[in-house]
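Chemist: The structure follows.
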Amino acid sequence: ELLSATNSTLVRLLQSSGLVEDGLPLALSALGIAETPLGGSERAEVRVDVGSPTGCTNISVVFRASVFARAVASKTVWGPVADGSRCADAVTGDTAILLGEKLDIVFTACDFEGLPVHHELPTGREALPDSRIFQASLLNVPGGLVEERVEVHSIGRGQYRASVSPRRPGNFTMRLSLSSPGTVDDATPVTGPLPIVVGCDLDRRTSEGNGEVLVDEHEGRADQQHDDDELRGT
């Protein structure tokens with residue numbers, strides 16, 4: 001008799017009892033389980049009550065399985081995904097910056113079930129090797145013309161960072177692609193391109209036309225007081 005099974009997502013009991021000589025069938029499935037980190041595994045334990053003329057014996061059978069998943073371009077999400085969470089739970093931070101600042105954008109690769117993958121692309125692992133790479137582009141709005149190609153770097157656990165520092169103020173969007181030689185798939189999340197707003201610091205900016213540097217009201221008063229003191233010889 002099968003008494004219980006831990007991690008019922010990985011192991012499913014197909015029947016509750018049977019003859020020892022016939023075996024007791026189990027089903028193993030990785031559905032609903034996120035990819036395990038390199039060297040990691042999912043663990044399941046099945047307890048079996050074996051009856052005999054001399055009494056009953058409890059036997060525990062332990063299963064360990066590594067889960068490998070392939071990143072699906074259309075399942076990519078903006079933002080990081082916390083351990084144990086689904087890709088739908090990813091949260092994107094503020095994407096408004098000032099001219100001259102750098103914006104770090106994080107996105108996560110996910111599998112067909114919307115679960116985060118743990119491997120880095122490209123990967124030469126023996127199970128499910130994948131030569132594809134993520135690429136990012138900054139586009140202007142309106143028009144949708146490519147403003148610049150953005151470098152993408154892996155930061156581990158299936159997450160990537162694209163850093164942008166636009167050279168002019170305005171509205172932009174970022175799009176992603178997942179490509180291999182001869183193939184390019186759109187990896188922009190289903191929520192759409194990421195909007196990015198680049199503004200000017202109104203307290204400190206160079207006015208167009210005369211090159212005059214504008215400062216805020218408080219600094220302006222301090223500079224004027226300093227000039228007056230110099231004229232009075234104090």
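Naming works like this for the structure tokens: A, B, ... for the chains as they're shown, residue 1 at the start of each chain, ligands 1 onward in shown order.
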Could you give me the residues within stretch 30-187 of chain A that DSSP places in strand (DSSP E), as an NGL selection string?

Modeler: :A and (42-52 or 55-65 or 77-78 or 96-98 or 103-108 or 133-141 or 146-150 or 152-156 or 159-164 or 170-180 or 183-186)

Chemist: Quick one: contact table of stretch 46-145 of chain A to stretch 149-159 of chain A, 10 Å max, nearest atom pair and distance in Å to one decimal per residue, counting only C-alpha atoms, chain and number order, as a Markdown table?

Modeler:
| residue | atom | partner | partner_atom | distance |
| --- | --- | --- | --- | --- |
| A:Ala71 | CA | A:Gly158 | CA | 8.9 |
| A:Thr76 | CA | A:Gln159 | CA | 9.8 |
| A:Val77 | CA | A:Gln159 | CA | 9.7 |
| A:Trp78 | CA | A:Gln159 | CA | 9.7 |
| A:Gly79 | CA | A:Gln159 | CA | 8.4 |
| A:Pro80 | CA | A:Gln159 | CA | 6.6 |
| A:Val81 | CA | A:Gln159 | CA | 8.1 |
| A:Ala82 | CA | A:Arg157 | CA | 9.8 |
| A:Asp83 | CA | A:Arg157 | CA | 9.2 |
| A:Ile105 | CA | A:Val152 | CA | 9.5 |
| A:Val106 | CA | A:Gln159 | CA | 6.8 |
| A:Phe107 | CA | A:Gln159 | CA | 5.8 |
| A:Thr108 | CA | A:Gln159 | CA | 4.4 |
| A:Ala109 | CA | A:Gly158 | CA | 5.5 |
| A:Cys110 | CA | A:Gly158 | CA | 7.7 |
| A:Pro116 | CA | A:Gly158 | CA | 6.7 |
| A:Val117 | CA | A:Gly158 | CA | 5.3 |
| A:His118 | CA | A:Arg157 | CA | 4.3 |
| A:His119 | CA | A:Gly158 | CA | 5.5 |
| A:Glu120 | CA | A:Gly158 | CA | 5.7 |
| A:Leu121 | CA | A:Ser154 | CA | 7.9 |
| A:Pro122 | CA | A:Ser154 | CA | 9.9 |
| A:Ile133 | CA | A:Val152 | CA | 9.0 |
| A:Phe134 | CA | A:Val152 | CA | 6.8 |
| A:Gln135 | CA | A:Val152 | CA | 6.2 |
| A:Ala136 | CA | A:Val150 | CA | 5.2 |
| A:Ser137 | CA | A:Arg149 | CA | 4.7 |
| A:Leu138 | CA | A:Arg149 | CA | 6.3 |
| A:Leu139 | CA | A:Arg149 | CA | 9.0 |

Chemist: Can you tell me how far atom CA of A:Arg161 sits from atom CA of A:Leu103, in Å to one decimal?

Modeler: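 Separation between atom CA of A:Arg161 and atom CA of A:Leu103: 9.9 Å.
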
Chemist: Between A:Val11, A:Gly100, A:Pro37, A:Thr123, which is the closest to A:Arg64 once you count only C-alpha atoms?

Modeler: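 For A:Arg64, the nearest of the given residues is A:Val11.
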
Chemist: Find the spatial neighbours of A:Pro195, counting only C-alpha atoms, within a cut-off of 9 Å - ignore same-chain residues fewer than 6 positions away - and output them as a PDB file with N, CA and C atoms, in the first residue's frame.

Modeler:
ATOM      1  N   THR A  95      11.466  53.980 -14.773  1.00  0.00           N
ATOM      2  CA  THR A  95      12.266  54.073 -16.001  1.00  0.00           C
ATOM      3  C   THR A  95      12.380  55.514 -16.495  1.00  0.00           C
ATOM      4  N   ALA A  96      12.215  56.474 -15.600  1.00  0.00           N
ATOM      5  CA  ALA A  96      12.400  57.886 -15.938  1.00  0.00           C
ATOM      6  C   ALA A  96      13.739  58.344 -15.374  1.00  0.00           C
ATOM      7  N   ASN A 171      11.426  60.741 -25.400  1.00  0.00           N
ATOM      8  CA  ASN A 171      10.744  59.488 -25.080  1.00  0.00           C
ATOM      9  C   ASN A 171      11.317  58.364 -25.927  1.00  0.00           C
ATOM     10  N   PHE A 172      11.547  57.234 -25.282  1.00  0.00           N
ATOM     11  CA  PHE A 172      12.134  56.089 -25.961  1.00  0.00           C
ATOM     12  C   PHE A 172      11.429  54.812 -25.505  1.00  0.00           C
ATOM     13  N   THR A 173      11.680  53.737 -26.217  1.00  0.00           N
ATOM     14  CA  THR A 173      11.233  52.411 -25.791  1.00  0.00           C
ATOM     15  C   THR A 173      12.379  51.431 -26.003  1.00  0.00           C
ATOM     16  N   MET A 174      12.342  50.339 -25.256  1.00  0.00           N
ATOM     17  CA  MET A 174      13.330  49.275 -25.442  1.00  0.00           C
ATOM     18  C   MET A 174      12.628  48.017 -25.902  1.00  0.00           C
TER      19      MET A 174
END

Chemist: Would you mind telling me which residue in A:Leu145, A:Ala162, A:Cys200, A:Leu178 lies nearest to A:Asp130 when using only C-alpha atoms?

Modeler: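 Comparing A:Leu145, A:Ala162, A:Cys200, A:Leu178 against A:Asp130, the winner is A:Leu178.
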
Chemist: Using only C-alpha atoms, determine which residues lie at most 7 Å from A:Val198, disregarding the query and same-chain residues fewer than 4 positions distant; provide the list as a list in words.

Modeler: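 Residues meeting the cut-off are Ala96, Ile97, Leu98, Leu99, Pro169, Gly170 and Asn171 of chain A.
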